[in-house]
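Heads up, work38.txt below (compact mmCIF, C-alpha atoms):
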```
# COMPACT_ATOMS: atom_id res chain seq x y z
CA MET U 378 15.54 -31.09 -36.96
CA THR U 379 13.95 -29.37 -33.97
CA ILE U 380 10.92 -27.09 -34.25
CA LYS U 381 13.24 -24.13 -33.70
CA ASP U 382 15.42 -25.21 -36.63
CA LEU U 383 12.40 -25.76 -38.86
CA VAL U 384 10.99 -22.33 -38.01
CA LEU U 385 14.38 -20.75 -38.73
CA GLU U 386 14.47 -22.41 -42.13
CA GLN U 387 10.98 -21.15 -42.95
CA LEU U 388 11.89 -17.62 -41.88
CA LYS U 389 14.78 -17.58 -44.35
CA ARG U 390 12.08 -17.36 -47.02
CA VAL U 391 10.78 -14.05 -45.61
CA LYS U 392 12.29 -11.10 -47.48
CA GLY U 393 13.85 -8.21 -45.57
CA PRO U 394 12.31 -4.71 -45.25
CA ASP U 395 13.47 -3.66 -48.76
CA LEU U 396 12.77 -7.05 -50.35
CA THR U 397 16.48 -7.87 -50.37
CA GLY U 398 17.97 -10.80 -48.52
CA ASN U 399 15.94 -12.43 -45.77
CA ILE U 400 15.23 -11.51 -42.14
CA VAL U 401 17.49 -14.28 -40.82
CA ASP U 402 20.61 -13.50 -42.84
CA LEU U 403 20.08 -9.77 -42.34
CA GLY U 404 20.32 -10.32 -38.59
CA LEU U 405 16.87 -8.89 -37.87
CA LEU U 406 15.59 -11.91 -35.97
CA SER U 407 15.74 -12.36 -32.20
CA ASP U 408 16.27 -15.75 -30.62
CA ILE U 409 13.33 -18.08 -31.26
CA VAL U 410 11.70 -19.36 -28.09
CA VAL U 411 9.65 -22.56 -28.29
CA SER U 412 7.10 -23.40 -25.60
CA GLY U 413 5.20 -26.57 -26.47
CA ASP U 414 3.42 -25.89 -29.75
CA LYS U 415 3.94 -22.11 -29.49
CA VAL U 416 6.86 -20.07 -30.80
CA PHE U 417 7.83 -16.50 -29.93
CA PHE U 418 10.28 -14.13 -31.62
CA SER U 419 10.72 -10.50 -32.60
CA ILE U 420 11.97 -8.72 -35.74
CA THR U 421 14.03 -5.54 -35.49
CA VAL U 422 13.00 -2.81 -37.93
CA PRO U 423 13.59 0.97 -38.21
CA SER U 424 11.30 2.84 -35.83
CA ASP U 425 9.99 5.18 -38.54
CA ARG U 426 8.94 2.22 -40.71
CA ALA U 427 7.27 0.03 -38.09
CA GLU U 428 3.73 0.64 -39.33
CA GLU U 429 4.75 0.27 -42.97
CA LEU U 430 6.42 -3.08 -42.25
CA GLU U 431 3.44 -4.75 -40.60
CA PRO U 432 3.08 -7.03 -43.69
CA LEU U 433 6.61 -8.30 -42.97
CA ARG U 434 5.52 -9.30 -39.46
CA GLU U 435 2.46 -11.05 -40.85
CA ALA U 436 4.59 -12.91 -43.41
CA ALA U 437 6.93 -14.13 -40.66
CA GLU U 438 3.97 -15.25 -38.58
CA ARG U 439 2.53 -17.21 -41.52
CA ALA U 440 5.92 -18.79 -42.16
CA ALA U 441 6.23 -19.95 -38.56
CA LEU U 442 2.67 -21.32 -38.54
CA GLY U 443 3.54 -23.34 -41.63
CA VAL U 444 5.82 -25.58 -39.57
CA ASP U 445 4.30 -28.86 -38.44
CA GLY U 446 3.84 -28.84 -34.68
CA VAL U 447 3.40 -25.06 -34.40
CA SER U 448 -0.14 -23.95 -33.55
CA LYS U 449 0.59 -20.38 -32.46
CA ALA U 450 3.26 -17.84 -33.29
CA GLY U 451 3.88 -14.69 -31.29
CA VAL U 452 5.68 -12.24 -33.58
CA VAL U 453 6.36 -8.60 -32.71
CA LEU U 454 8.22 -5.82 -34.50
CA THR U 455 10.89 -4.34 -32.25
CA ALA U 456 11.87 -0.90 -33.47
CA ALA U 457 15.54 0.02 -33.77
CA LYS U 458 16.27 3.69 -33.16
CA LYS U 459 19.41 5.49 -34.25
CA ALA U 460 21.48 6.98 -31.47
CA GLY U 461 20.60 10.56 -30.78
CA THR U 462 17.18 10.45 -32.47
CA PRO U 463 14.25 11.64 -30.37
CA ASN U 464 11.37 9.37 -29.45
CA PRO U 465 8.61 9.50 -32.08
CA GLN U 466 5.56 11.41 -31.01
CA PRO U 467 2.30 9.48 -30.70
CA LYS U 468 -0.19 9.96 -33.49
CA PRO U 469 -3.13 12.12 -32.47
CA SER U 470 -6.37 10.38 -31.72
CA PRO U 471 -9.33 11.18 -33.97
CA GLN U 472 -11.26 12.03 -30.82
CA PRO U 473 -10.09 14.26 -27.97
CA ALA U 474 -8.45 12.41 -25.09
CA ARG U 475 -9.64 12.92 -21.54
CA GLN U 476 -7.78 15.27 -19.26
CA ALA U 477 -5.62 13.98 -16.46
CA PRO U 478 -6.84 14.60 -12.90
CA PRO U 479 -5.66 17.90 -11.46
CA GLN U 480 -2.99 16.26 -9.27
CA GLY U 481 -1.88 13.68 -11.83
CA GLY U 482 0.55 16.00 -13.61
CA GLY U 483 1.68 15.89 -17.19
CA GLY U 484 -1.17 17.84 -18.79
CA PRO U 485 -3.68 16.12 -21.07
CA ARG U 486 -3.46 12.33 -20.98
CA LYS U 487 -2.83 10.40 -24.16
CA PRO U 488 -5.52 7.97 -25.28
CA ALA U 489 -5.16 4.32 -24.30
CA GLY U 490 -3.31 2.32 -26.91
CA ILE U 491 -5.48 -0.81 -26.81
CA PRO U 492 -8.79 -0.54 -28.71
CA GLY U 493 -11.83 -0.69 -26.46
CA ILE U 494 -9.97 0.01 -23.21
CA GLY U 495 -10.64 3.33 -21.53
CA ALA U 496 -7.67 3.48 -19.16
CA ILE U 497 -4.64 1.36 -18.29
CA ILE U 498 -3.36 1.44 -14.71
CA ALA U 499 -0.10 -0.20 -13.66
CA VAL U 500 0.38 -1.63 -10.19
CA ALA U 501 4.11 -1.72 -9.47
CA SER U 502 6.72 -2.12 -6.77
CA GLY U 503 10.42 -1.52 -6.60
CA LYS U 504 11.09 -4.98 -5.15
CA GLY U 505 9.37 -8.33 -4.79
CA GLY U 506 7.69 -9.71 -1.70
CA VAL U 507 5.62 -6.64 -0.82
CA GLY U 508 2.25 -8.09 -1.84
CA LYS U 509 1.96 -6.27 -5.15
CA SER U 510 0.02 -9.00 -6.97
CA THR U 511 -2.40 -9.43 -4.06
CA THR U 512 -2.92 -5.67 -4.07
CA ALA U 513 -3.39 -5.62 -7.86
CA VAL U 514 -6.03 -8.36 -7.92
CA ASN U 515 -7.99 -6.89 -5.01
CA LEU U 516 -7.76 -3.42 -6.56
CA ALA U 517 -9.12 -4.79 -9.85
CA LEU U 518 -11.97 -6.57 -8.09
CA ALA U 519 -12.70 -3.44 -6.06
CA LEU U 520 -12.91 -1.43 -9.29
CA LYS U 521 -15.35 -4.06 -10.55
CA ALA U 522 -17.34 -3.70 -7.32
CA ILE U 523 -17.82 0.04 -7.90
CA GLY U 524 -19.42 -0.68 -11.27
CA LEU U 525 -16.58 -0.70 -13.81
CA LYS U 526 -15.78 -3.18 -16.57
CA VAL U 527 -12.35 -4.47 -15.60
CA GLY U 528 -9.55 -6.60 -17.02
CA ILE U 529 -6.26 -7.72 -15.51
CA LEU U 530 -3.02 -8.18 -17.44
CA ASP U 531 -0.44 -10.23 -15.57
CA ALA U 532 2.75 -8.65 -16.91
CA ASP U 533 5.05 -10.66 -14.67
CA VAL U 534 6.28 -13.04 -17.36
CA TYR U 535 8.79 -14.75 -15.06
CA GLY U 536 6.46 -15.24 -12.09
CA PRO U 537 2.78 -15.01 -13.13
CA SER U 538 0.40 -15.01 -10.15
CA MET U 539 -3.06 -14.36 -11.57
CA PRO U 540 -3.99 -17.98 -12.42
CA ARG U 541 -3.63 -18.92 -8.75
CA LEU U 542 -4.98 -15.67 -7.29
CA LEU U 543 -8.13 -15.90 -9.43
CA HIS U 544 -8.44 -19.70 -9.36
CA ILE U 545 -8.28 -20.05 -13.15
CA SER U 546 -6.71 -22.96 -14.99
CA GLY U 547 -6.49 -24.13 -18.57
CA ASN U 548 -5.43 -22.48 -21.81
CA PRO U 549 -7.15 -19.59 -23.58
CA SER U 550 -8.91 -20.26 -26.87
CA THR U 551 -8.51 -18.10 -29.96
CA VAL U 552 -10.93 -16.03 -32.00
CA ASP U 553 -9.43 -16.70 -35.42
CA GLY U 554 -6.35 -18.74 -34.71
CA ARG U 555 -4.41 -15.61 -33.80
CA ILE U 556 -6.31 -13.40 -31.33
CA LEU U 557 -6.53 -14.87 -27.83
CA LYS U 558 -9.72 -14.85 -25.78
CA PRO U 559 -9.01 -13.71 -22.22
CA MET U 560 -9.85 -16.04 -19.34
CA GLU U 561 -12.45 -14.81 -16.85
CA ASN U 562 -13.51 -15.18 -13.23
CA TYR U 563 -15.45 -13.00 -10.79
CA GLY U 564 -16.58 -10.92 -13.77
CA VAL U 565 -13.01 -9.82 -14.59
CA LYS U 566 -11.17 -10.67 -17.82
CA VAL U 567 -7.62 -11.92 -17.35
CA MET U 568 -4.56 -12.70 -19.45
CA SER U 569 -1.36 -14.17 -18.07
CA MET U 570 1.67 -16.07 -19.28
CA GLY U 571 0.58 -18.60 -16.66
CA PHE U 572 -2.22 -19.66 -19.03
CA LEU U 573 0.22 -20.33 -21.86
CA VAL U 574 2.86 -22.43 -20.09
CA GLU U 575 2.84 -25.01 -17.32
CA GLU U 576 3.03 -23.63 -13.78
CA ASP U 577 6.47 -25.13 -13.08
CA THR U 578 7.99 -24.17 -16.44
CA PRO U 579 10.80 -21.61 -16.00
CA MET U 580 10.71 -18.65 -18.39
CA ILE U 581 14.37 -18.26 -19.36
CA TRP U 582 13.90 -15.29 -21.66
CA ARG U 583 15.99 -12.28 -22.54
CA GLY U 584 14.57 -8.78 -22.80
CA PRO U 585 13.34 -8.91 -26.44
CA MET U 586 11.26 -12.02 -25.74
CA VAL U 587 9.72 -10.44 -22.66
CA MET U 588 8.77 -7.40 -24.74
CA SER U 589 7.36 -9.64 -27.45
CA ALA U 590 5.22 -11.61 -24.98
CA LEU U 591 3.90 -8.45 -23.32
CA ASN U 592 2.99 -6.87 -26.64
CA GLN U 593 1.13 -10.01 -27.64
CA MET U 594 -0.79 -10.19 -24.37
CA MET U 595 -1.71 -6.53 -24.66
CA LYS U 596 -2.57 -6.18 -28.33
CA GLU U 597 -3.47 -9.66 -29.54
CA VAL U 598 -6.17 -10.37 -26.95
CA ALA U 599 -9.89 -9.84 -27.51
CA TRP U 600 -10.36 -7.67 -24.43
CA GLY U 601 -13.64 -6.20 -25.66
CA GLU U 602 -14.93 -3.00 -24.08
CA LEU U 603 -13.31 -2.29 -20.71
CA ASP U 604 -13.33 0.80 -18.55
CA VAL U 605 -9.97 -0.08 -17.08
CA LEU U 606 -7.18 -2.62 -17.52
CA VAL U 607 -5.16 -3.20 -14.35
CA VAL U 608 -1.60 -4.33 -15.12
CA ASP U 609 0.20 -6.36 -12.47
CA MET U 610 3.79 -5.35 -13.19
CA PRO U 611 6.82 -7.44 -12.30
CA PRO U 612 8.95 -5.99 -9.50
CA GLY U 613 11.82 -3.70 -10.36
CA THR U 614 12.54 -1.24 -13.17
CA GLY U 615 13.58 -3.37 -16.14
CA ASP U 616 12.49 -4.29 -19.66
CA ALA U 617 8.87 -5.09 -18.78
CA GLN U 618 8.29 -1.73 -17.10
CA LEU U 619 9.81 0.21 -19.99
CA THR U 620 7.83 -1.84 -22.51
CA MET U 621 4.57 -1.00 -20.76
CA ALA U 622 5.46 2.67 -20.43
CA GLN U 623 6.49 3.02 -24.08
CA SER U 624 4.03 0.70 -25.84
CA VAL U 625 0.77 2.00 -24.40
CA PRO U 626 -0.04 5.33 -22.73
CA LEU U 627 -0.65 4.48 -19.08
CA ALA U 628 -3.29 6.50 -17.24
CA GLY U 629 -1.12 6.17 -14.14
CA ALA U 630 0.76 3.90 -11.78
CA VAL U 631 0.04 2.71 -8.25
CA ILE U 632 3.15 1.98 -6.17
CA VAL U 633 2.95 -0.76 -3.52
CA SER U 634 5.41 -0.81 -0.64
CA THR U 635 5.75 -2.12 2.89
CA PRO U 636 6.59 0.38 5.66
CA GLN U 637 10.25 -0.44 6.24
CA ASP U 638 13.04 1.75 4.92
CA LEU U 639 14.55 -0.87 2.58
CA ALA U 640 11.26 -1.37 0.73
CA LEU U 641 10.71 2.38 0.54
CA ILE U 642 14.11 2.87 -1.08
CA ASP U 643 13.12 0.47 -3.86
CA ALA U 644 9.63 1.95 -4.12
CA ARG U 645 11.25 5.36 -4.63
CA LYS U 646 13.21 3.96 -7.59
CA GLY U 647 10.02 2.64 -9.18
CA LEU U 648 8.27 5.94 -8.63
CA ASN U 649 11.12 7.89 -10.18
CA MET U 650 11.16 5.57 -13.18
CA PHE U 651 7.50 6.27 -13.94
CA ARG U 652 8.10 9.99 -13.57
CA LYS U 653 10.99 9.86 -16.03
CA VAL U 654 8.80 8.19 -18.65
CA GLU U 655 6.03 10.73 -17.92
CA VAL U 656 3.54 8.32 -16.35
CA PRO U 657 1.53 9.94 -13.53
CA VAL U 658 1.91 8.29 -10.14
CA LEU U 659 -1.61 7.92 -8.77
CA GLY U 660 -0.41 7.18 -5.26
CA ILE U 661 1.28 4.81 -2.84
CA VAL U 662 -0.31 1.88 -1.00
CA GLU U 663 1.29 0.72 2.24
CA ASN U 664 0.83 -3.05 2.32
CA MET U 665 1.43 -5.13 5.47
CA SER U 666 0.98 -1.82 7.27
CA TYR U 667 0.38 -3.39 10.69
CA PHE U 668 -0.65 -6.65 12.33
CA VAL U 669 -3.56 -7.05 14.71
CA CYS U 670 -3.12 -9.99 17.07
CA PRO U 671 -6.17 -12.26 16.71
CA ASP U 672 -5.88 -13.34 20.37
CA CYS U 673 -5.29 -10.08 22.22
CA GLY U 674 -6.46 -7.55 19.65
CA SER U 675 -3.35 -5.39 20.04
CA GLN U 676 -1.68 -3.82 17.01
CA HIS U 677 1.93 -4.67 16.17
CA ASP U 678 4.00 -2.75 13.63
CA ILE U 679 6.07 -5.69 12.41
CA PHE U 680 7.60 -3.81 9.49
CA GLY U 681 7.29 -0.39 11.04
CA HIS U 682 4.25 1.77 10.34
CA GLY U 683 3.51 4.91 8.37
CA GLY U 684 6.70 4.86 6.32
CA ALA U 685 4.85 4.88 2.99
CA LYS U 686 2.56 7.67 4.14
CA ASN U 687 5.51 9.80 5.23
CA GLU U 688 7.28 9.08 1.94
CA ALA U 689 4.19 10.03 -0.05
CA GLU U 690 3.95 13.34 1.79
CA ARG U 691 7.67 13.98 1.32
CA ILE U 692 7.62 13.51 -2.46
CA GLY U 693 4.19 15.01 -3.02
CA VAL U 694 2.07 12.07 -4.19
CA PRO U 695 -1.17 10.83 -2.61
CA PHE U 696 -1.12 8.21 0.12
CA LEU U 697 -3.87 5.82 -0.97
CA GLY U 698 -4.17 3.86 2.28
CA GLY U 699 -2.74 1.07 4.39
CA ILE U 700 -3.61 -2.63 4.18
CA PRO U 701 -2.84 -4.73 7.28
CA LEU U 702 -0.81 -7.92 7.43
CA ASP U 703 -3.71 -10.28 7.98
CA MET U 704 -4.03 -14.06 7.84
CA LYS U 705 -7.36 -13.85 6.05
CA ILE U 706 -5.94 -11.82 3.16
CA ARG U 707 -3.21 -14.42 2.73
CA GLU U 708 -5.60 -17.39 2.97
CA THR U 709 -8.12 -15.98 0.51
CA SER U 710 -5.36 -15.11 -1.94
CA ASP U 711 -3.84 -18.59 -1.76
CA SER U 712 -7.25 -20.19 -2.28
CA GLY U 713 -8.03 -18.09 -5.35
CA GLU U 714 -10.86 -16.23 -3.62
CA PRO U 715 -9.53 -12.71 -3.01
CA ILE U 716 -10.96 -11.02 0.04
CA VAL U 717 -12.84 -8.35 -1.93
CA VAL U 718 -15.10 -11.07 -3.37
CA SER U 719 -14.94 -13.72 -0.62
CA ASP U 720 -15.64 -11.33 2.28
CA PRO U 721 -16.91 -8.07 0.75
CA ASP U 722 -18.20 -6.76 4.10
CA SER U 723 -14.84 -7.07 5.84
CA PRO U 724 -12.89 -3.92 6.76
CA HIS U 725 -10.07 -5.11 4.49
CA ALA U 726 -12.38 -5.30 1.46
CA GLU U 727 -13.70 -1.85 2.33
CA ALA U 728 -10.12 -0.54 2.43
CA TYR U 729 -9.47 -1.90 -1.06
CA ARG U 730 -12.69 -0.33 -2.36
CA ALA U 731 -11.73 3.04 -0.87
CA ILE U 732 -8.34 2.80 -2.60
CA ALA U 733 -10.05 1.83 -5.85
CA LYS U 734 -12.35 4.84 -5.73
CA THR U 735 -9.43 7.21 -5.18
CA VAL U 736 -7.38 5.58 -7.95
CA TRP U 737 -10.27 5.81 -10.41
CA GLU U 738 -10.98 9.43 -9.52
CA ARG U 739 -7.35 10.30 -10.14
CA ALA U 740 -7.08 8.31 -13.35
CA GLY U 741 -10.27 9.86 -14.68
CA ALA U 742 -13.54 8.04 -15.29
CA ALA U 743 -14.14 9.19 -18.88
CA GLN U 744 -13.52 6.53 -21.52
CA GLN U 745 -10.83 7.28 -24.11
CA ALA U 746 -10.75 6.67 -27.79
CA ALA U 747 -8.03 4.27 -28.94
CA PRO U 748 -5.36 5.64 -31.34
CA SER U 749 -3.01 3.92 -33.74
CA ILE U 750 -0.27 1.91 -32.06
CA VAL U 751 3.14 3.59 -32.12
CA PHE U 752 6.20 1.37 -31.78
CA ASP U 753 9.31 2.69 -30.01
```
Taking this structure as input, can you express it in the form of structure tokens?
Amino acid sequence: MTIKDLVLEQLKRVKGPDLTGNIVDLGLLSDIVVSGDKVFFSITVPSDRAEELEPLREAAERAALGVDGVSKAGVVLTAAKKAGTPNPQPKPSPQPARQAPPQGGGGPRKPAGIPGIGAIIAVASGKGGVGKSTTAVNLALALKAIGLKVGILDADVYGPSMPRLLHISGNPSTVDGRILKPMENYGVKVMSMGFLVEEDTPMIWRGPMVMSALNQMMKEVAWGELDVLVVDMPPGTGDAQLTMAQSVPLAGAVIVSTPQDLALIDARKGLNMFRKVEVPVLGIVENMSYFVCPDCGSQHDIFGHGGAKNEAERIGVPFLGGIPLDMKIRETSDSGEPIVVSDPDSPHAEAYRAIAKTVWERAGAAQQAAPSIVFD
């Protein structure tokens, strides 16, 4: 029998929510994904009983870990919601949450949903290939440079970039066999699916497994005390984006786009998605804004110029700044030495720091208290 079959047999011993039947025969189990000695799956439960049924999740995790060859089990409760029922309201924090910046919209911000983390900021794009991950890592390092305690969550399960961008290899260790210790470089804590699987291993996962992996990387990692967690989102507006927006209260989102119309169309979709889930948009960054010829010094607008700024003004969100298309940014990113740390005195590093200061001012610098986790 395969590891997947053995885990399935073990899970048939785990009773259902009302201690009748088992989670396999009741159809509550997602597909089981096996990656080396790690297994991942989710259990569907009623949304109003998610907290009550945490022991069920723990029992399933213990059952999976009881299989020879399994050293880690990622198990998450996925809440089922009846059609027509409203989203459950978050539980109030025992301490008052900080207020959103005046231009952030949405009234008082909810507390961050990961204990010890003051604010969670998503860096997103409507499409791939616009330099979002490079922007995210340099933004995180720029936030570190202005004196903050920073972590990075690589939420792009299908194409994780942070191991290469931060020149980190190896697998994370655990605190107690369950909680992962984040990797670290340049004074920034990092977690990525790239640390858990081989670089050339394709992640052929459906939505529930993506949600399960993201929840594990958010809530089963010993992040410690951080002022801000920067989340490098996958491109688009799919399961991962909705999981982040619904699982933890985001302090805001930064949208990355290139100047051309096609990229701006997709950026607009990403921006509208965050607005619909009531996440403040902190601003737009125009990446690859222009190219300065290293030989003649003349500026060339390869992808057009100013499109993101015009779009930001049109829809009423801040324009955070433009980053040029520059060989040095590409080279330092590929080498795992992002330009903010490898050449901190460069104008490009200064541009990232200026963006970081504006983002942090808009997100709010006061640390939040962490509330109970609400599953949706």
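CA of Lys415 in chain U is positioned 13.9 Å from CA of Asp382 in chain U.
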Review point. Any idea what's packed within 12 Å of Gly547 in chain U, counting only C-alpha atoms, ignoring anything in its chain fewer than 5 positions away? Could you give it as JSON, numbers by chain?
Key: {"U": [540, 541, 559, 560, 561, 568, 569, 570, 571, 572, 573, 574, 575, 576]}
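Taking all atoms listed in the file into account, Leu619 in chain U lies nearest to U:Met588 out of the set U:Val447, U:Met588, U:Leu396, U:Leu383.
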**Study point:** Distance query 10 Å from (-8.1, -1.4, -7.6) using all atoms listed in the file, result as number ranges by chain
**Key:** U: 498, 500, 512-523, 527, 605, 607, 631, 729-737
Review point. Distance CA of Asp609 in chain U-CA of Tyr535 in chain U, one decimal place?
Key: 12.3 Å
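Between CA of Leu405 in chain U and CA of Gln593 in chain U the separation is 18.8 Å.
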Study note, to complete from the structure: From the list U:Gly413, U:Gly741, U:Gly713, U:Gly528, the nearest residue to Ser546 in chain U using all atoms listed in the file is U:Gly713
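Between Leu388 in chain U and the candidates U:Ile716, U:Arg439, U:Thr421, U:Glu431, the tightest atom-to-atom separation, counting all atoms listed in the file, involves U:Arg439.
Ranking U:Phe651, U:Tyr563, U:Phe418, U:Phe696 by their shortest atom-to-atom distance to Ser502 in chain U, with all atoms listed in the file included, puts U:Phe651 first.
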**Study point:** Surrounding residues of Ala532 in chain U excluding itself and chain neighbours under 2 positions, 6 Å, all atoms listed in the file, as a VMD selection string
**Key:** chain U and resid 530 534 609 to 610
Same residues, C-alpha atoms, output as a PDB file, in the frame of the given file:
```
ATOM      1  CA  LEU U 530      -3.020  -8.180 -17.440  1.00  0.00           C
ATOM      2  CA  VAL U 534       6.280 -13.040 -17.360  1.00  0.00           C
ATOM      3  CA  ASP U 609       0.200  -6.360 -12.470  1.00  0.00           C
ATOM      4  CA  MET U 610       3.790  -5.350 -13.190  1.00  0.00           C
TER       5      MET U 610
END
```
Review point. Can you tell me, as a ChimeraX atom specification, what residues are no more than 7 Å from Gly660 in chain U when counting all atoms listed in the file, ignoring any on the same chain fewer than 2 positions away?
Key: /U:631-632,658,662,694-697
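Shortest atom-to-atom contact with Pro432 in chain U among U:Pro394, U:Gly495, U:Gly508, U:Pro549: U:Pro394, counting all atoms listed in the file.
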Point to revise | Residue contacts of Leu542 in chain U (10 Å, only C-alpha atoms) excluding same-chain residues fewer than 5 positions away, as JSON, numbers by chain | key: {"U": [510, 511, 514, 515, 537, 709, 710, 711, 712, 713, 714, 715]}
Selected range 710-734 of chain U, written as a compact mmCIF listing (two decimals), in the first residue's frame, N, CA and C atoms:
```txt
# COMPACT_ATOMS: atom_id res chain seq x y z
N SER U 710 18.60 40.32 -7.96
CA SER U 710 17.50 39.42 -7.61
C SER U 710 17.87 37.98 -7.95
N ASP U 711 18.43 37.76 -9.11
CA ASP U 711 18.81 36.41 -9.53
C ASP U 711 19.89 35.82 -8.63
N SER U 712 20.76 36.67 -8.10
CA SER U 712 21.86 36.19 -7.27
C SER U 712 21.47 36.01 -5.81
N GLY U 713 20.23 36.38 -5.46
CA GLY U 713 19.79 36.26 -4.08
C GLY U 713 20.31 37.36 -3.18
N GLU U 714 20.67 38.49 -3.78
CA GLU U 714 21.15 39.65 -3.02
C GLU U 714 20.37 40.88 -3.47
N PRO U 715 19.12 41.00 -3.06
CA PRO U 715 18.27 42.10 -3.54
C PRO U 715 18.93 43.46 -3.38
N ILE U 716 18.62 44.35 -4.29
CA ILE U 716 19.34 45.61 -4.39
C ILE U 716 19.26 46.47 -3.13
N VAL U 717 18.19 46.33 -2.36
CA VAL U 717 18.08 47.12 -1.13
C VAL U 717 19.18 46.78 -0.13
N VAL U 718 19.65 45.51 -0.14
CA VAL U 718 20.73 45.14 0.77
C VAL U 718 22.08 45.10 0.08
N SER U 719 22.13 44.80 -1.22
CA SER U 719 23.42 44.70 -1.90
C SER U 719 23.95 46.06 -2.33
N ASP U 720 23.08 47.02 -2.58
CA ASP U 720 23.51 48.38 -2.97
C ASP U 720 22.57 49.39 -2.34
N PRO U 721 22.62 49.52 -1.02
CA PRO U 721 21.64 50.35 -0.30
C PRO U 721 21.72 51.84 -0.64
N ASP U 722 22.85 52.29 -1.20
CA ASP U 722 22.98 53.71 -1.54
C ASP U 722 22.54 54.02 -2.96
N SER U 723 22.11 53.03 -3.70
CA SER U 723 21.68 53.25 -5.08
C SER U 723 20.35 53.98 -5.11
N PRO U 724 20.07 54.69 -6.21
CA PRO U 724 18.76 55.37 -6.30
C PRO U 724 17.59 54.38 -6.31
N HIS U 725 17.84 53.15 -6.80
CA HIS U 725 16.77 52.16 -6.81
C HIS U 725 16.41 51.73 -5.39
N ALA U 726 17.44 51.50 -4.56
CA ALA U 726 17.19 51.14 -3.17
C ALA U 726 16.46 52.27 -2.44
N GLU U 727 16.85 53.50 -2.75
CA GLU U 727 16.18 54.65 -2.13
C GLU U 727 14.72 54.72 -2.55
N ALA U 728 14.43 54.35 -3.80
CA ALA U 728 13.05 54.35 -4.27
C ALA U 728 12.23 53.32 -3.50
N TYR U 729 12.80 52.15 -3.27
CA TYR U 729 12.09 51.12 -2.51
C TYR U 729 11.86 51.57 -1.08
N ARG U 730 12.85 52.23 -0.48
CA ARG U 730 12.67 52.71 0.90
C ARG U 730 11.59 53.78 0.98
N ALA U 731 11.53 54.64 -0.02
CA ALA U 731 10.48 55.67 -0.03
C ALA U 731 9.10 55.03 -0.13
N ILE U 732 8.99 53.99 -0.97
CA ILE U 732 7.72 53.27 -1.09
C ILE U 732 7.37 52.61 0.23
N ALA U 733 8.38 52.01 0.87
CA ALA U 733 8.16 51.32 2.15
C ALA U 733 7.65 52.28 3.22
N LYS U 734 8.22 53.48 3.27
CA LYS U 734 7.78 54.45 4.26
C LYS U 734 6.33 54.85 4.04
```
